[in-house]
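Accompanying notes for the structure given below.
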Amino acid sequence: MADKPTIASFDFTSCEGCQLQILNCEDELLAIVGAVDIVEFREAIDDKADHYNIAFIEGAFTRESDRARLETIRSKADVVVALGACACTGGLNVLKNFRGIEKSMKLVYGDKADWFETSPALPISAAIKVDYEIPGCPISKDEFLSFVKSVLAGKTWSLPEYPVCVECKLKENVCLYHKGEYCMGVVTRAGCGAWCPSYGGRCYGCRGLIPDPNNNAAKDVLEEFGLTMDQIMGEFRLFNGVYDVAEPPAEARVD
Ligand code: SF4
Ligand code: SF4
Ligand code: SF4
């Protein structure tokens with residue numbers, strides 16, 4: 001028992017949907033639970049430990065006072081994994097950065113805004129070193145399981161470096177551009193199995209950008225519909241606004 005790898009899971013600013021995805025792994029979870037010691041997981045168990053082989057962190061870094069807790073987790077963990085869009089890019093939380101923190105606080109808390117602490121939403125990597133990122137809003141169960149199995153087997157693990165369009169075409173979906181709709185799959189990192197287009201919805205880019213989108217985007221889709229990379233990238237702020245945090249462009253403001 002003592003030799004089993006220890007796993008912990010922590011949540012910061014999030015909806016906790018990614019941790020629920022882990023609990024939704026059902027059948028596979030029983031095998032995982034047999035192979036590891038889960039020492040902290042507020043959604044499932046209440047236990048504490050001084051050392052974690054793997055620490056999963058869900059949620060964005062949105063309060064300066066969370067920095068100390070993140071640093072403590074980092075100091076106890078061999079491997080830190082950012083779990084989901086909130087942890088990897090700040091996710092939807094970053095939208096408040098564009099509105100302006102003061103205005104966002106007043107809209108949410110009204111005259112009680114001063115009672116609460118907040119700061120611009122950032123990825124976990126803005127506070128501590130992150131070893132792996134499992135992106136998505138929510139994460140893909142299959143991708144989470146492939147990560148855990150690889151790490152437990154001592155194998156290396158990496159994310160796909162091609163766009164969602166590749167998976168979408170393999171599924172023989174009719175491209176949404178052919179239906180007069182917009183889709184971010186062209187520049188979004190694959191790995192979800194083209195989840196949204198396969199059910200008729202557009203890709204909103206929840207898994208973040210592919211590396212070097214200018215060279216790696218599905219340019220045949222863009223060219224076919226007369227679109228440029230700039231037009232596509234301008235739509236990429238819903239889950240990836242953090243890339244513009246330093247100086248939000250005027251057209252991205254919602255005030
Ligand atoms: S990434 Fe999405 S599903 Fe996961 S915690 Fe954040 S908001 Fe929830
Ligand atoms: S743009 Fe969207 S719908 Fe079209 S192929 Fe790519 S992922 Fe599929
Ligand atoms: S299709 Fe796009 S928005 Fe949907 S899960 Fe995949 S990356 Fe996220």
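Letters for chains follow the order of the structure tokens (A, B, ...), residue numbers begin at 1 for each chain, and ligand numbers begin at 1 in the order shown.
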
- All residues having an atom within 7 Å of ligand 3 (only C-alpha atoms and all ligand atoms) as a list in words: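 Based on only C-alpha atoms and all ligand atoms, ligand 3 is surrounded within 7 Å by Gly136, Cys137, Val164, Met184, Gly185, Thr188, Arg189, Ala190, Cys192, Gly193, Ala194, Trp195, Cys196, Pro197, Arg202, Cys203, Tyr204, Gly205, Cys206 and Arg207 of chain A.
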
Would you mind exporting the chosen residues as a PDB file, in the first residue's frame, restricted to N, CA, C and O atoms?
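part.pdb written:
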ATOM      1  N   GLY A 136      -9.137  21.512 -21.975  1.00  0.00           N
ATOM      2  CA  GLY A 136     -10.537  21.219 -22.283  1.00  0.00           C
ATOM      3  C   GLY A 136     -11.488  21.759 -21.236  1.00  0.00           C
ATOM      4  O   GLY A 136     -11.128  21.935 -20.080  1.00  0.00           O
ATOM      5  N   CYS A 137     -12.700  22.050 -21.660  1.00  0.00           N
ATOM      6  CA  CYS A 137     -13.743  22.542 -20.763  1.00  0.00           C
ATOM      7  C   CYS A 137     -15.039  21.792 -21.071  1.00  0.00           C
ATOM      8  O   CYS A 137     -15.825  22.249 -21.867  1.00  0.00           O
ATOM      9  N   VAL A 164      -8.213  20.248 -34.361  1.00  0.00           N
ATOM     10  CA  VAL A 164      -9.448  19.460 -34.231  1.00  0.00           C
ATOM     11  C   VAL A 164      -9.966  19.027 -35.604  1.00  0.00           C
ATOM     12  O   VAL A 164     -10.561  17.959 -35.752  1.00  0.00           O
ATOM     13  N   MET A 184     -13.882  27.065 -34.671  1.00  0.00           N
ATOM     14  CA  MET A 184     -12.500  27.329 -34.274  1.00  0.00           C
ATOM     15  C   MET A 184     -11.603  26.094 -34.360  1.00  0.00           C
ATOM     16  O   MET A 184     -10.447  26.133 -33.970  1.00  0.00           O
ATOM     17  N   GLY A 185     -12.186  24.984 -34.846  1.00  0.00           N
ATOM     18  CA  GLY A 185     -11.408  23.745 -34.920  1.00  0.00           C
ATOM     19  C   GLY A 185     -10.137  23.872 -35.735  1.00  0.00           C
ATOM     20  O   GLY A 185      -9.198  23.096 -35.570  1.00  0.00           O
ATOM     21  N   THR A 188      -7.525  24.954 -33.138  1.00  0.00           N
ATOM     22  CA  THR A 188      -7.641  24.404 -31.780  1.00  0.00           C
ATOM     23  C   THR A 188      -6.985  23.030 -31.700  1.00  0.00           C
ATOM     24  O   THR A 188      -7.142  22.196 -32.589  1.00  0.00           O
ATOM     25  N   ARG A 189      -6.296  22.809 -30.588  1.00  0.00           N
ATOM     26  CA  ARG A 189      -5.568  21.560 -30.393  1.00  0.00           C
ATOM     27  C   ARG A 189      -6.515  20.358 -30.337  1.00  0.00           C
ATOM     28  O   ARG A 189      -7.499  20.358 -29.587  1.00  0.00           O
ATOM     29  N   ALA A 190      -6.226  19.334 -31.094  1.00  0.00           N
ATOM     30  CA  ALA A 190      -7.058  18.124 -31.116  1.00  0.00           C
ATOM     31  C   ALA A 190      -6.906  17.334 -29.821  1.00  0.00           C
ATOM     32  O   ALA A 190      -6.110  17.686 -28.951  1.00  0.00           O
ATOM     33  N   CYS A 192      -9.975  15.904 -28.357  1.00  0.00           N
ATOM     34  CA  CYS A 192     -11.337  15.697 -27.834  1.00  0.00           C
ATOM     35  C   CYS A 192     -12.146  14.818 -28.785  1.00  0.00           C
ATOM     36  O   CYS A 192     -13.318  14.549 -28.532  1.00  0.00           O
ATOM     37  N   GLY A 193     -11.538  14.400 -29.903  1.00  0.00           N
ATOM     38  CA  GLY A 193     -12.286  13.624 -30.882  1.00  0.00           C
ATOM     39  C   GLY A 193     -13.315  14.477 -31.621  1.00  0.00           C
ATOM     40  O   GLY A 193     -14.354  13.977 -32.040  1.00  0.00           O
ATOM     41  N   ALA A 194     -13.017  15.773 -31.790  1.00  0.00           N
ATOM     42  CA  ALA A 194     -13.953  16.708 -32.456  1.00  0.00           C
ATOM     43  C   ALA A 194     -15.331  16.618 -31.804  1.00  0.00           C
ATOM     44  O   ALA A 194     -16.349  16.486 -32.481  1.00  0.00           O
ATOM     45  N   TRP A 195     -15.336  16.669 -30.505  1.00  0.00           N
ATOM     46  CA  TRP A 195     -16.532  16.489 -29.678  1.00  0.00           C
ATOM     47  C   TRP A 195     -17.708  17.354 -30.166  1.00  0.00           C
ATOM     48  O   TRP A 195     -18.785  16.831 -30.477  1.00  0.00           O
ATOM     49  N   CYS A 196     -17.493  18.665 -30.237  1.00  0.00           N
ATOM     50  CA  CYS A 196     -18.626  19.564 -30.542  1.00  0.00           C
ATOM     51  C   CYS A 196     -19.123  19.442 -31.976  1.00  0.00           C
ATOM     52  O   CYS A 196     -20.327  19.255 -32.193  1.00  0.00           O
ATOM     53  N   PRO A 197     -18.227  19.515 -32.990  1.00  0.00           N
ATOM     54  CA  PRO A 197     -18.739  19.364 -34.360  1.00  0.00           C
ATOM     55  C   PRO A 197     -19.424  18.012 -34.599  1.00  0.00           C
ATOM     56  O   PRO A 197     -20.337  17.912 -35.412  1.00  0.00           O
ATOM     57  N   ARG A 202     -20.379  24.142 -32.877  1.00  0.00           N
ATOM     58  CA  ARG A 202     -19.093  24.650 -33.328  1.00  0.00           C
ATOM     59  C   ARG A 202     -18.032  24.423 -32.258  1.00  0.00           C
ATOM     60  O   ARG A 202     -18.356  24.271 -31.085  1.00  0.00           O
ATOM     61  N   CYS A 203     -16.792  24.412 -32.675  1.00  0.00           N
ATOM     62  CA  CYS A 203     -15.678  24.357 -31.720  1.00  0.00           C
ATOM     63  C   CYS A 203     -15.411  25.775 -31.242  1.00  0.00           C
ATOM     64  O   CYS A 203     -15.263  26.697 -32.043  1.00  0.00           O
ATOM     65  N   TYR A 204     -15.345  25.952 -29.910  1.00  0.00           N
ATOM     66  CA  TYR A 204     -15.059  27.256 -29.308  1.00  0.00           C
ATOM     67  C   TYR A 204     -13.609  27.385 -28.855  1.00  0.00           C
ATOM     68  O   TYR A 204     -13.261  28.344 -28.180  1.00  0.00           O
ATOM     69  N   GLY A 205     -12.792  26.403 -29.149  1.00  0.00           N
ATOM     70  CA  GLY A 205     -11.374  26.519 -28.814  1.00  0.00           C
ATOM     71  C   GLY A 205     -11.040  26.221 -27.369  1.00  0.00           C
ATOM     72  O   GLY A 205     -10.047  26.711 -26.848  1.00  0.00           O
ATOM     73  N   CYS A 206     -11.842  25.359 -26.697  1.00  0.00           N
ATOM     74  CA  CYS A 206     -11.620  25.155 -25.255  1.00  0.00           C
ATOM     75  C   CYS A 206     -10.318  24.431 -24.957  1.00  0.00           C
ATOM     76  O   CYS A 206      -9.845  24.463 -23.824  1.00  0.00           O
ATOM     77  N   ARG A 207      -9.716  23.780 -25.954  1.00  0.00           N
ATOM     78  CA  ARG A 207      -8.471  23.039 -25.686  1.00  0.00           C
ATOM     79  C   ARG A 207      -7.229  23.871 -25.994  1.00  0.00           C
ATOM     80  O   ARG A 207      -6.117  23.384 -25.937  1.00  0.00           O
TER      81      ARG A 207
END

- Message: Could you list, as a VMD selection string, every residue within 12 Å of Pro211 of chain A, counting only C-alpha atoms and ignoring same-chain residues fewer than 5 positions away?
- Response: chain A and resid 159 to 163 187 to 190 216 to 217

- Dump the neighbourhood of ligand 1 as a ChimeraX atom specification: all residues within 8 Å, distances computed on only C-alpha atoms and all ligand atoms. /A:13-19,58-60,83-87,91-93,135-139,206

Write the residues of the preceding selection, restricted to C-alpha atoms, as a short mmCIF file (atom, residue, chain, number, x, y, z; two decimals), in the first residue's frame.
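Output saved as selection_33.cif:
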data_model
loop_
_atom_site.label_atom_id
_atom_site.label_comp_id
_atom_site.auth_asym_id
_atom_site.auth_seq_id
_atom_site.Cartn_x
_atom_site.Cartn_y
_atom_site.Cartn_z
CA THR A 13 -11.55 29.09 -9.25
CA SER A 14 -13.66 26.73 -11.36
CA CYS A 15 -17.01 25.00 -11.68
CA GLU A 16 -15.40 21.69 -10.58
CA GLY A 17 -16.67 20.08 -13.79
CA CYS A 18 -13.26 18.64 -14.63
CA GLN A 19 -13.04 16.79 -11.31
CA GLU A 58 -8.30 22.39 -11.38
CA GLY A 59 -9.28 26.04 -11.65
CA ALA A 60 -7.73 29.39 -12.45
CA LEU A 83 -6.50 20.07 -15.22
CA GLY A 84 -8.90 21.74 -17.65
CA ALA A 85 -9.12 25.08 -19.42
CA CYS A 86 -9.44 27.09 -16.19
CA ALA A 87 -6.09 25.79 -14.93
CA GLY A 91 -10.47 29.55 -19.18
CA LEU A 92 -13.74 31.46 -19.13
CA ASN A 93 -12.66 33.28 -15.97
CA PRO A 135 -6.83 20.97 -21.52
CA GLY A 136 -10.54 21.22 -22.28
CA CYS A 137 -13.74 22.54 -20.76
CA PRO A 138 -14.35 19.99 -19.44
CA ILE A 139 -11.39 17.61 -19.87
CA CYS A 206 -11.62 25.16 -25.26
#

- Item | Selection as JSON, numbers by chain: residues within 6 Å of ligand 2 by only C-alpha atoms and all ligand atoms | {"A": [164, 165, 168, 169, 175, 176, 177, 183, 185, 186, 197]}

Segment 150-177 of chain A residues near segment 28-44 of chain A within 12 Å, closest pair each, using only C-alpha atoms, as a Markdown table:
| residue | atom | partner | partner_atom | distance |
| --- | --- | --- | --- | --- |
| A:Val151 | CA | A:Val36 | CA | 11.5 |
| A:Leu152 | CA | A:Ala35 | CA | 8.5 |
| A:Ala153 | CA | A:Ala35 | CA | 10.9 |
